[in-house]
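Below: coords32.tsv (TSV, C-alpha atoms)
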chain	number	residue	atom	x	y	z
A	1	MET	CA	-139.43	107.51	-241.70
A	2	SER	CA	-139.35	105.01	-244.58
A	3	GLU	CA	-135.73	104.36	-243.61
A	4	PHE	CA	-137.00	103.31	-240.20
A	5	PHE	CA	-139.35	100.74	-241.74
A	6	HIS	CA	-136.65	99.64	-244.17
A	7	MET	CA	-134.34	98.62	-241.25
A	8	GLY	CA	-131.23	98.62	-243.41
A	9	GLY	CA	-132.74	96.06	-245.77
A	10	TYR	CA	-133.80	93.73	-242.97
A	11	GLY	CA	-137.27	95.26	-242.61
A	12	SER	CA	-139.25	92.12	-243.40
A	13	TYR	CA	-137.26	90.09	-240.84
A	14	VAL	CA	-137.32	92.68	-238.05
A	15	TRP	CA	-140.98	93.59	-238.44
A	16	SER	CA	-142.24	90.01	-238.76
A	17	ALA	CA	-140.36	89.14	-235.55
A	18	MET	CA	-141.98	92.13	-233.80
A	19	ALA	CA	-145.42	91.14	-235.15
A	20	ILE	CA	-145.06	87.58	-233.84
A	21	PHE	CA	-143.99	88.86	-230.42
A	22	VAL	CA	-146.88	91.31	-230.11
A	23	GLY	CA	-149.44	89.00	-231.73
A	24	VAL	CA	-148.73	85.93	-229.60
A	25	LEU	CA	-148.63	87.93	-226.37
A	26	ALA	CA	-151.88	89.70	-227.27
A	27	LEU	CA	-153.53	86.29	-227.72
A	28	ASP	CA	-152.06	85.21	-224.38
A	29	ALA	CA	-153.59	88.27	-222.71
A	30	VAL	CA	-157.03	87.77	-224.28
A	31	ALA	CA	-157.30	84.02	-223.50
A	32	PRO	CA	-158.09	84.40	-219.76
A	33	LEU	CA	-160.69	87.10	-220.53
A	34	ILE	CA	-162.58	84.73	-222.82
A	35	LYS	CA	-162.38	81.90	-220.31
A	36	ARG	CA	-163.55	84.26	-217.56
A	37	ARG	CA	-166.76	85.05	-219.45
A	38	ARG	CA	-167.50	81.35	-219.89
A	39	VAL	CA	-166.79	80.50	-216.22
A	40	LEU	CA	-168.97	83.38	-214.96
A	41	ARG	CA	-171.81	82.27	-217.23
A	42	GLU	CA	-171.59	78.73	-215.86
A	43	LEU	CA	-171.47	80.01	-212.28
A	44	ARG	CA	-174.58	82.12	-212.78
A	45	ALA	CA	-176.43	79.17	-214.35
A	46	ARG	CA	-175.43	77.05	-211.36
A	47	ALA	CA	-176.69	79.74	-208.95
A	48	ARG	CA	-180.02	79.91	-210.78
A	49	ARG	CA	-180.43	76.14	-210.66
A	50	ALA	CA	-179.71	76.13	-206.93
A	51	GLN	CA	-182.25	78.89	-206.35
A	52	LYS	CA	-184.90	76.98	-208.32
A	53	ARG	CA	-184.27	73.85	-206.29
A	54	ASN	CA	-184.68	75.84	-203.09
A	55	GLU	CA	-187.96	77.35	-204.22
A	56	GLU	CA	-189.35	73.94	-205.19
A	57	SER	CA	-188.45	72.38	-201.86
A	58	VAL	CA	-190.19	75.15	-199.86
B	1	MET	CA	-147.42	81.93	-185.80
B	2	ASN	CA	-145.21	84.70	-187.19
B	3	PRO	CA	-146.91	87.32	-189.35
B	4	LEU	CA	-145.18	86.34	-192.61
B	5	LEU	CA	-146.22	82.71	-192.26
B	6	LEU	CA	-149.73	83.84	-191.39
B	7	TRP	CA	-149.87	85.97	-194.54
B	8	PHE	CA	-148.69	82.98	-196.59
B	9	HIS	CA	-151.51	80.93	-195.16
B	10	LYS	CA	-153.98	83.65	-196.03
B	11	LEU	CA	-152.56	83.94	-199.55
B	12	GLY	CA	-153.21	80.23	-200.05
B	13	SER	CA	-156.93	80.79	-199.53
B	14	PRO	CA	-158.58	81.10	-202.97
B	15	PRO	CA	-161.03	83.96	-202.17
B	16	TYR	CA	-158.25	86.04	-200.57
B	17	PHE	CA	-155.93	85.42	-203.51
B	18	TYR	CA	-158.74	86.22	-205.95
B	19	ARG	CA	-159.34	89.64	-204.39
B	20	LEU	CA	-155.65	90.49	-203.98
B	21	ALA	CA	-154.86	89.51	-207.58
B	22	GLY	CA	-157.84	91.55	-208.76
B	23	ARG	CA	-156.41	94.66	-207.10
B	24	LEU	CA	-152.88	94.07	-208.46
B	25	LEU	CA	-153.85	93.27	-212.04
B	26	PRO	CA	-154.53	96.76	-213.45
B	27	TRP	CA	-151.12	97.91	-212.13
B	28	LEU	CA	-149.29	94.89	-213.55
B	29	TRP	CA	-150.88	95.21	-217.01
B	30	GLY	CA	-150.28	98.97	-217.03
B	31	LEU	CA	-146.62	98.78	-215.99
B	32	ALA	CA	-145.98	95.89	-218.38
B	33	LEU	CA	-147.43	97.87	-221.28
B	34	ILE	CA	-145.39	100.98	-220.44
B	35	GLY	CA	-142.27	98.80	-220.16
B	36	LEU	CA	-142.91	97.13	-223.52
B	37	VAL	CA	-143.46	100.44	-225.30
B	38	ALA	CA	-140.35	102.00	-223.70
B	39	GLY	CA	-138.20	98.92	-224.36
B	40	LEU	CA	-139.26	98.54	-227.99
B	41	TYR	CA	-138.85	102.29	-228.62
B	42	GLY	CA	-135.36	102.13	-227.13
B	43	GLY	CA	-134.50	99.03	-229.12
B	44	LEU	CA	-135.98	99.96	-232.48
B	45	VAL	CA	-135.35	103.72	-232.51
B	46	LEU	CA	-132.75	104.87	-229.98
B	47	ALA	CA	-130.23	102.01	-230.07
B	48	PRO	CA	-127.59	102.37	-232.82
B	49	ALA	CA	-127.34	99.74	-235.56
B	50	ASP	CA	-124.87	96.89	-235.02
B	51	TYR	CA	-121.55	97.18	-236.89
B	52	GLN	CA	-121.85	93.61	-238.25
B	53	GLN	CA	-125.56	92.86	-238.32
B	54	SER	CA	-126.83	96.37	-239.07
B	55	ASP	CA	-130.53	96.67	-238.10
B	56	ALA	CA	-131.19	92.91	-238.11
B	57	PHE	CA	-129.72	92.72	-234.58
B	58	ARG	CA	-132.84	94.51	-233.29
B	59	ILE	CA	-134.62	91.16	-233.25
B	60	ILE	CA	-132.63	90.64	-230.04
B	61	TYR	CA	-135.15	92.85	-228.18
B	62	VAL	CA	-137.93	90.29	-228.61
B	63	HIS	CA	-135.89	87.10	-229.02
B	64	VAL	CA	-133.66	87.21	-225.94
B	65	PRO	CA	-136.29	88.38	-223.39
B	66	SER	CA	-138.59	85.61	-224.69
B	67	ALA	CA	-135.79	83.06	-224.32
B	68	TRP	CA	-135.14	84.21	-220.74
B	69	MET	CA	-138.86	83.99	-219.97
B	70	SER	CA	-139.13	80.50	-221.49
B	71	MET	CA	-136.66	79.27	-218.85
B	72	PHE	CA	-137.79	81.51	-216.00
B	73	ILE	CA	-141.42	80.40	-216.38
B	74	TYR	CA	-140.40	76.76	-216.57
B	75	ALA	CA	-138.50	77.09	-213.28
B	76	PHE	CA	-141.49	78.88	-211.75
B	77	MET	CA	-143.85	76.16	-212.97
B	78	ALA	CA	-141.63	73.35	-211.67
B	79	ALA	CA	-141.16	75.08	-208.28
B	80	ASN	CA	-144.92	75.47	-207.88
B	81	GLY	CA	-145.38	71.90	-209.07
B	82	PHE	CA	-142.99	70.77	-206.34
B	83	VAL	CA	-144.93	72.67	-203.68
B	84	ALA	CA	-148.17	71.25	-205.07
B	85	LEU	CA	-146.86	67.68	-204.89
B	86	VAL	CA	-145.31	67.96	-201.44
B	87	TRP	CA	-147.74	70.19	-199.54
B	88	ARG	CA	-150.85	69.78	-201.72
B	89	ILE	CA	-151.51	73.50	-201.81
B	90	LYS	CA	-154.35	74.24	-204.22
B	91	LEU	CA	-152.99	77.67	-205.15
B	92	SER	CA	-149.62	76.18	-206.18
B	93	GLU	CA	-151.34	73.65	-208.42
B	94	THR	CA	-153.30	76.45	-210.03
B	95	LEU	CA	-150.26	78.70	-210.48
B	96	ALA	CA	-148.17	75.89	-211.97
B	97	MET	CA	-150.86	75.02	-214.51
B	98	ALA	CA	-151.62	78.67	-215.31
B	99	ALA	CA	-147.92	79.29	-216.01
B	100	ALA	CA	-147.63	76.50	-218.61
B	101	PRO	CA	-149.45	78.15	-221.55
B	102	ILE	CA	-147.62	81.46	-220.94
B	103	GLY	CA	-144.29	79.66	-220.94
B	104	ALA	CA	-145.25	77.82	-224.11
B	105	ALA	CA	-146.14	81.16	-225.73
B	106	PHE	CA	-142.75	82.69	-224.88
B	107	THR	CA	-140.91	79.55	-226.04
B	108	ALA	CA	-142.79	79.61	-229.34
B	109	ILE	CA	-141.93	83.33	-229.77
B	110	CYS	CA	-138.28	82.57	-228.99
B	111	LEU	CA	-138.11	79.79	-231.60
B	112	ALA	CA	-139.99	81.74	-234.27
B	113	THR	CA	-138.04	84.99	-233.87
B	114	GLY	CA	-134.78	83.03	-233.64
B	115	SER	CA	-135.63	81.35	-236.91
B	116	ILE	CA	-136.39	84.71	-238.52
B	117	TRP	CA	-133.08	86.05	-237.20
B	118	GLY	CA	-131.19	82.94	-238.36
B	119	LYS	CA	-132.25	83.24	-242.00
B	120	PRO	CA	-130.41	86.50	-242.83
B	121	MET	CA	-127.49	85.96	-240.41
B	122	TRP	CA	-126.73	82.22	-240.65
B	123	GLY	CA	-128.36	81.60	-244.02
B	124	THR	CA	-130.81	79.04	-242.63
B	125	TRP	CA	-134.17	79.05	-240.84
B	126	TRP	CA	-133.29	76.05	-238.72
B	127	THR	CA	-130.40	73.81	-237.78
B	128	TRP	CA	-130.35	70.85	-235.40
B	129	ASP	CA	-127.71	72.22	-233.10
B	130	ALA	CA	-127.71	71.93	-229.31
B	131	ARG	CA	-129.25	75.30	-228.36
B	132	LEU	CA	-132.05	75.19	-230.93
B	133	THR	CA	-132.89	71.55	-230.32
B	134	SER	CA	-132.95	71.86	-226.51
B	135	GLU	CA	-135.20	74.94	-226.77
B	136	LEU	CA	-137.53	72.94	-229.05
B	137	VAL	CA	-137.56	70.16	-226.43
B	138	LEU	CA	-138.54	72.84	-223.90
B	139	LEU	CA	-141.57	73.72	-226.05
B	140	PHE	CA	-142.53	70.04	-226.23
B	141	LEU	CA	-142.22	69.77	-222.44
B	142	TYR	CA	-144.62	72.70	-222.02
B	143	LEU	CA	-147.03	71.12	-224.50
B	144	GLY	CA	-146.71	67.79	-222.68
B	145	VAL	CA	-147.58	69.40	-219.34
B	146	ILE	CA	-150.57	71.20	-220.88
B	147	GLY	CA	-151.72	68.06	-222.70
B	148	LEU	CA	-151.45	65.83	-219.65
B	149	TYR	CA	-153.33	68.38	-217.55
B	150	HIS	CA	-156.23	68.37	-220.01
B	151	ALA	CA	-156.21	64.59	-220.54
B	152	ILE	CA	-157.22	63.78	-216.94
B	153	GLU	CA	-160.79	64.40	-215.83
B	154	ASP	CA	-160.25	65.24	-212.15
B	155	ARG	CA	-158.72	68.75	-212.04
B	156	ARG	CA	-156.62	68.23	-208.94
B	157	GLN	CA	-155.28	64.83	-209.97
B	158	ALA	CA	-154.57	66.27	-213.40
B	159	SER	CA	-152.51	69.16	-212.02
B	160	ARG	CA	-150.50	66.84	-209.77
B	161	ALA	CA	-149.71	64.48	-212.65
B	162	ALA	CA	-148.74	67.41	-214.88
B	163	ALA	CA	-146.66	68.94	-212.04
B	164	PHE	CA	-144.73	65.68	-211.82
B	165	LEU	CA	-143.95	65.81	-215.53
B	166	ALA	CA	-142.88	69.45	-215.14
B	167	LEU	CA	-140.48	68.44	-212.37
B	168	ILE	CA	-138.86	65.71	-214.46
B	169	GLY	CA	-138.47	68.10	-217.37
B	170	ILE	CA	-136.40	70.51	-215.29
B	171	VAL	CA	-133.26	68.55	-216.31
B	172	ASN	CA	-133.64	70.28	-219.67
B	173	LEU	CA	-133.09	73.79	-218.22
B	174	PRO	CA	-129.32	73.52	-217.60
B	175	ILE	CA	-129.01	71.82	-220.99
B	176	VAL	CA	-130.64	74.82	-222.69
B	177	HIS	CA	-128.53	77.28	-220.73
B	178	PHE	CA	-125.13	75.60	-221.10
B	179	SER	CA	-125.70	74.15	-224.57
B	180	VAL	CA	-123.70	76.96	-226.17
B	181	LYS	CA	-120.74	76.11	-223.91
B	182	TRP	CA	-120.92	72.32	-223.86
B	183	TRP	CA	-121.29	71.84	-227.60
B	184	ASN	CA	-119.98	73.55	-230.66
B	185	THR	CA	-123.07	75.36	-231.92
B	186	LEU	CA	-124.06	77.92	-234.48
B	187	HIS	CA	-125.78	79.91	-231.74
B	188	GLN	CA	-123.61	82.54	-230.07
B	189	GLY	CA	-122.79	82.49	-226.36
B	190	SER	CA	-124.23	84.79	-223.70
B	191	THR	CA	-123.72	88.48	-224.38
B	192	VAL	CA	-125.47	89.75	-221.27
B	193	LYS	CA	-123.98	88.34	-218.08
B	194	LEU	CA	-125.39	88.34	-214.59
B	195	PHE	CA	-121.86	88.05	-213.19
B	196	GLY	CA	-119.20	90.15	-214.83
B	197	PRO	CA	-119.42	92.84	-217.50
B	198	SER	CA	-121.77	92.38	-220.45
B	199	LEU	CA	-120.33	92.32	-223.95
B	200	ILE	CA	-122.71	94.95	-225.30
B	201	ASP	CA	-122.77	98.73	-225.52
B	202	GLY	CA	-124.86	100.52	-222.88
B	203	ARG	CA	-127.12	102.16	-225.49
B	204	MET	CA	-128.00	98.70	-226.78
B	205	LEU	CA	-128.16	97.12	-223.33
B	206	TRP	CA	-130.73	99.23	-221.50
B	207	PRO	CA	-133.67	98.55	-223.84
B	208	LEU	CA	-132.91	94.84	-223.49
B	209	LEU	CA	-133.04	95.07	-219.70
B	210	VAL	CA	-136.28	97.09	-219.88
B	211	MET	CA	-137.76	94.38	-222.12
B	212	ALA	CA	-136.62	91.71	-219.66
B	213	LEU	CA	-138.43	93.53	-216.85
B	214	ALA	CA	-141.53	94.21	-218.97
B	215	THR	CA	-141.87	90.55	-219.99
B	216	LYS	CA	-141.61	89.57	-216.29
B	217	LEU	CA	-144.47	91.97	-215.49
B	218	LEU	CA	-146.45	90.67	-218.46
B	219	PHE	CA	-145.98	87.13	-217.18
B	220	ALA	CA	-147.14	88.17	-213.70
B	221	ALA	CA	-150.22	89.88	-215.13
B	222	SER	CA	-151.15	86.97	-217.41
B	223	LEU	CA	-150.46	84.46	-214.62
B	224	LEU	CA	-152.71	86.23	-212.10
B	225	SER	CA	-155.50	86.67	-214.69
B	226	ARG	CA	-155.39	82.98	-215.51
B	227	ALA	CA	-155.07	81.81	-211.90
B	228	ARG	CA	-158.08	83.94	-210.88
B	229	VAL	CA	-160.33	82.38	-213.51
B	230	ASP	CA	-159.02	78.87	-212.81
B	231	LEU	CA	-159.70	79.24	-209.07
B	232	LEU	CA	-163.21	80.45	-209.83
B	233	GLU	CA	-163.77	77.37	-211.99
B	234	LEU	CA	-162.14	75.00	-209.48
B	235	GLU	CA	-164.24	76.33	-206.61
B	236	ALA	CA	-167.48	76.68	-208.55
B	237	GLY	CA	-169.44	75.00	-205.74
B	238	LYS	CA	-168.18	77.39	-203.04
B	239	GLU	CA	-170.08	80.36	-201.68
B	240	TRP	CA	-167.39	82.94	-202.54
B	241	ALA	CA	-167.45	81.91	-206.21
B	242	ARG	CA	-171.26	82.26	-206.27
B	243	GLN	CA	-170.96	85.74	-204.80
B	244	VAL	CA	-168.34	86.77	-207.38
B	245	ALA	CA	-170.58	85.56	-210.21
B	246	LEU	CA	-173.69	87.31	-208.88
B	247	ALA	CA	-171.76	90.55	-208.20
B	248	GLY	CA	-170.47	90.43	-211.79
B	249	GLU	CA	-174.04	90.23	-213.08
B	250	ARG	CA	-174.84	93.73	-211.87
B	251	THR	CA	-171.81	95.41	-213.43

File written out as structure tokens:
Amino acid sequence: MSEFFHMGGYGSYVWSAMAIFVGVLALDAVAPLIKRRRVLRELRARARRAQKRNEESV
Amino acid sequence: MNPLLLWFHKLGSPPYFYRLAGRLLPWLWGLALIGLVAGLYGGLVLAPADYQQSDAFRIIYVHVPSAWMSMFIYAFMAANGFVALVWRIKLSETLAMAAAPIGAAFTAICLATGSIWGKPMWGTWWTWDARLTSELVLLFLYLGVIGLYHAIEDRRQASRAAAFLALIGIVNLPIVHFSVKWWNTLHQGSTVKLFGPSLIDGRMLWPLLVMALATKLLFAASLLSRARVDLLELEAGKEWARQVALAGERT
């Protein structure tokens, strides 16, 4: 097992490359989720404002 | 109108696309994840070590698929940018702009992992040769498209301006691809060929192809996630967007 992590002496190179690949793509996958929460919050605020306007005009 | 054209029209409608993408997304993420795990297992565990590079060659399994995606996504972005400029289809604008950050991510991975691979094999992190420089220009093009898109207030004008820049930048794609042939570079030529036999053993090749497929699926999943949110934002005043937001409140 330790031989596997050693990677014939190139362990630090191989594993840092893998970490960058996984790390950057994980960030890429999370980004739209964060934006989605913000957009939904704004949409709900907009819906509430519209409802309030309607109630006032009645 | 023929049924295929009709479906294309329907697909262009934001609420229809939003629902369709929502149904596809769990499958795309799931398959992409399975592909990544299988490809990396094949590349890191099952594939034999290279006779010259020993285990350092295994960086190929993240470097080369990322390099392929950096060009594939650019072509996708430019094609959608072209459609957006010519036919003014809102969905194409959205897809082109949603593709840009994903392409930039893959280009950055390609450059970073290439640098890490270059240090033990070439003895340097970086050299200004044709392949490396043109790939760096590709990253700057992505960043330029993203920057221009965010610099303009009106979303639709912004995406058309950025799409135009993306179209101009497409001249860089053949330069990246043929750079290893046109110039004398430190970077090696293509090992995996679309036409003709590949110069790599089958046990080393299949994990690479699995990774290529998995990164395509990952791109599709990320693209649809981003496009969905962007459409919701773009159409914030529309009734369908209001309904989506209010339905989300209950869950």

Inset, instruction - Identify every residue of chain B that has at least one atom within 6 Å of any atom of chain A, counting only C-alpha atoms, and report the result as JSON, numbers by chain. - result: {"B": [55, 56, 59, 109, 113, 116, 222, 226, 229, 245]}

Inset, instruction - List the residues sitting within 9 Å of (-130.0, 89.6, -221.4) in the file's frame, using only C-alpha atoms, as a list in words. - result: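 Returned residue set, sorted by chain then number, is Val64, Pro65, Trp68, Ser190, Thr191, Val192, Lys193, Leu194, Ser198, Leu205, Leu208, Leu209 and Ala212 of chain B.
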
Inset, instruction - Provide the atom CA of B:Arg131 to atom CA of B:Ile73 distance in Å, to one decimal place. - result: 17.8 Å

Please list as a PDB file with C-alpha atoms, in the coordinates of the input every residue within 9 Å of B:Ile34, counting all atoms listed in the file and excluding residues in the same chain fewer than 5 positions away.
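Generated file (result29.pdb):
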ATOM      1  CA  TRP B  29    -150.880  95.210-217.010  1.00  0.00           C
ATOM      2  CA  GLY B  39    -138.200  98.920-224.360  1.00  0.00           C
ATOM      3  CA  ALA B 214    -141.530  94.210-218.970  1.00  0.00           C
TER       4      ALA B 214
END

Legend entry - Residue neighbourhood B:Val37, 10 Å, only C-alpha atoms, exclusion window fewer than 4 positions, as JSON, numbers by chain: {"B": [31, 32, 33, 41, 42, 43, 210, 211, 214]}

Residues as selected, C-alpha atoms, written as a short mmCIF file (atom, residue, chain, number, x, y, z; two decimals), keeping the file's coordinate frame, can you do that?
data_model
loop_
_atom_site.label_atom_id
_atom_site.label_comp_id
_atom_site.auth_asym_id
_atom_site.auth_seq_id
_atom_site.Cartn_x
_atom_site.Cartn_y
_atom_site.Cartn_z
CA LEU B 31 -146.62 98.78 -215.99
CA ALA B 32 -145.98 95.89 -218.38
CA LEU B 33 -147.43 97.87 -221.28
CA TYR B 41 -138.85 102.29 -228.62
CA GLY B 42 -135.36 102.13 -227.13
CA GLY B 43 -134.50 99.03 -229.12
CA VAL B 210 -136.28 97.09 -219.88
CA MET B 211 -137.76 94.38 -222.12
CA ALA B 214 -141.53 94.21 -218.97
#

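You can rank B:Phe178, B:Phe106, B:Phe76, B:Trp87 by their closest distance to B:Arg160 using only C-alpha atoms, and at the top of that list sits B:Trp87.
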
Legend entry - Among the residues B:Leu141, B:Ala105, B:Ile146, B:Ala166, the one that comes closest to B:Ala84 [using only C-alpha atoms]: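 Of B:Leu141, B:Ala105, B:Ile146, B:Ala166, the one nearest B:Ala84, counting only C-alpha atoms, is B:Ala166.
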
Inset, instruction - Measure the distance from atom CA of B:Leu95 to atom CA of B:Leu224 in Å and round it to one decimal. - result: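 Taking atom CA of B:Leu95 as the start and atom CA of B:Leu224 as the end point, the length is 8.1 Å.
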
Inset, instruction - Would you mind reading off the distance between atom CA of B:Tyr18 and atom CA of B:Arg228, one decimal, in Å? - result: 5.5 Å

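Take the candidates B:Gly118, B:Gly144, B:Gly202, B:Gly81 and check each one against B:Leu167 using only C-alpha atoms; the shortest distance goes to B:Gly81.
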
Legend entry - Test item: residues at most 10 Å from B:Ala151, only C-alpha atoms, excluding those fewer than 6 positions along its chain, as a PyMOL selection string: chain B and resi 145+158+162

Legend entry - Selection: 10 Å around B:Lys181, all atoms listed in the file, excl. self and same-chain fewer than 4 positions, as a list in words: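 The residues that qualify are Ala130, Arg131, Ile175, His177, Thr185, Gln188, Gly189 and Ser190 of chain B.
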
Legend entry - Near-stretch 48-52 of chain B list (8 Å; all atoms listed in the file; drop same-chain fewer than 5 positions) as number ranges by chain: B: 57-58, 203-204

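With only C-alpha atoms as the atoms that count, the minimum distance from B:Val171 to the choices B:Trp183, B:Tyr74, B:Phe219, B:Phe17 is reached by B:Tyr74.
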
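Using all atoms listed in the file for every distance, the candidate list B:Ala96, B:Val86, B:Leu20, B:Ile60 yields B:Ile60 as the residue closest to B:Ser115.
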
What would stretch 34-53 of chain A look like with N, CA and C atoms in place, written as a compact mmCIF listing (two decimals), keeping the file's coordinate frame?
# COMPACT_ATOMS: atom_id res chain seq x y z
N ILE A 34 -161.54 85.55 -222.19
CA ILE A 34 -162.58 84.73 -222.82
C ILE A 34 -163.03 83.62 -221.88
N LYS A 35 -162.04 82.98 -221.24
CA LYS A 35 -162.38 81.90 -220.31
C LYS A 35 -163.19 82.44 -219.14
N ARG A 36 -162.86 83.65 -218.69
CA ARG A 36 -163.55 84.26 -217.56
C ARG A 36 -165.04 84.44 -217.86
N ARG A 37 -165.35 84.87 -219.08
CA ARG A 37 -166.76 85.05 -219.45
C ARG A 37 -167.51 83.73 -219.40
N ARG A 38 -166.86 82.67 -219.89
CA ARG A 38 -167.50 81.35 -219.89
C ARG A 38 -167.73 80.86 -218.45
N VAL A 39 -166.69 80.99 -217.60
CA VAL A 39 -166.79 80.50 -216.22
C VAL A 39 -167.87 81.26 -215.46
N LEU A 40 -167.94 82.59 -215.66
CA LEU A 40 -168.97 83.38 -214.96
C LEU A 40 -170.37 82.98 -215.41
N ARG A 41 -170.51 82.69 -216.71
CA ARG A 41 -171.81 82.27 -217.23
C ARG A 41 -172.23 80.96 -216.58
N GLU A 42 -171.28 80.02 -216.48
CA GLU A 42 -171.59 78.73 -215.86
C GLU A 42 -171.94 78.89 -214.39
N LEU A 43 -171.21 79.78 -213.71
CA LEU A 43 -171.47 80.01 -212.28
C LEU A 43 -172.86 80.59 -212.06
N ARG A 44 -173.24 81.51 -212.92
CA ARG A 44 -174.58 82.12 -212.78
C ARG A 44 -175.68 81.09 -213.05
N ALA A 45 -175.46 80.23 -214.05
CA ALA A 45 -176.43 79.17 -214.35
C ALA A 45 -176.56 78.24 -213.15
N ARG A 46 -175.42 77.94 -212.54
CA ARG A 46 -175.43 77.05 -211.36
C ARG A 46 -176.20 77.72 -210.21
N ALA A 47 -176.00 79.02 -210.02
CA ALA A 47 -176.69 79.74 -208.95
C ALA A 47 -178.19 79.74 -209.18
N ARG A 48 -178.59 79.91 -210.46
CA ARG A 48 -180.02 79.91 -210.78
C ARG A 48 -180.65 78.55 -210.50
N ARG A 49 -179.92 77.50 -210.90
CA ARG A 49 -180.43 76.14 -210.66
C ARG A 49 -180.63 75.90 -209.16
N ALA A 50 -179.63 76.33 -208.38
CA ALA A 50 -179.71 76.13 -206.93
C ALA A 50 -180.90 76.88 -206.34
N GLN A 51 -181.13 78.08 -206.85
CA GLN A 51 -182.25 78.89 -206.35
C GLN A 51 -183.59 78.21 -206.66
N LYS A 52 -183.68 77.65 -207.90
CA LYS A 52 -184.90 76.98 -208.32
C LYS A 52 -185.19 75.77 -207.44
N ARG A 53 -184.12 75.02 -207.16
CA ARG A 53 -184.27 73.85 -206.29
C ARG A 53 -184.81 74.26 -204.92
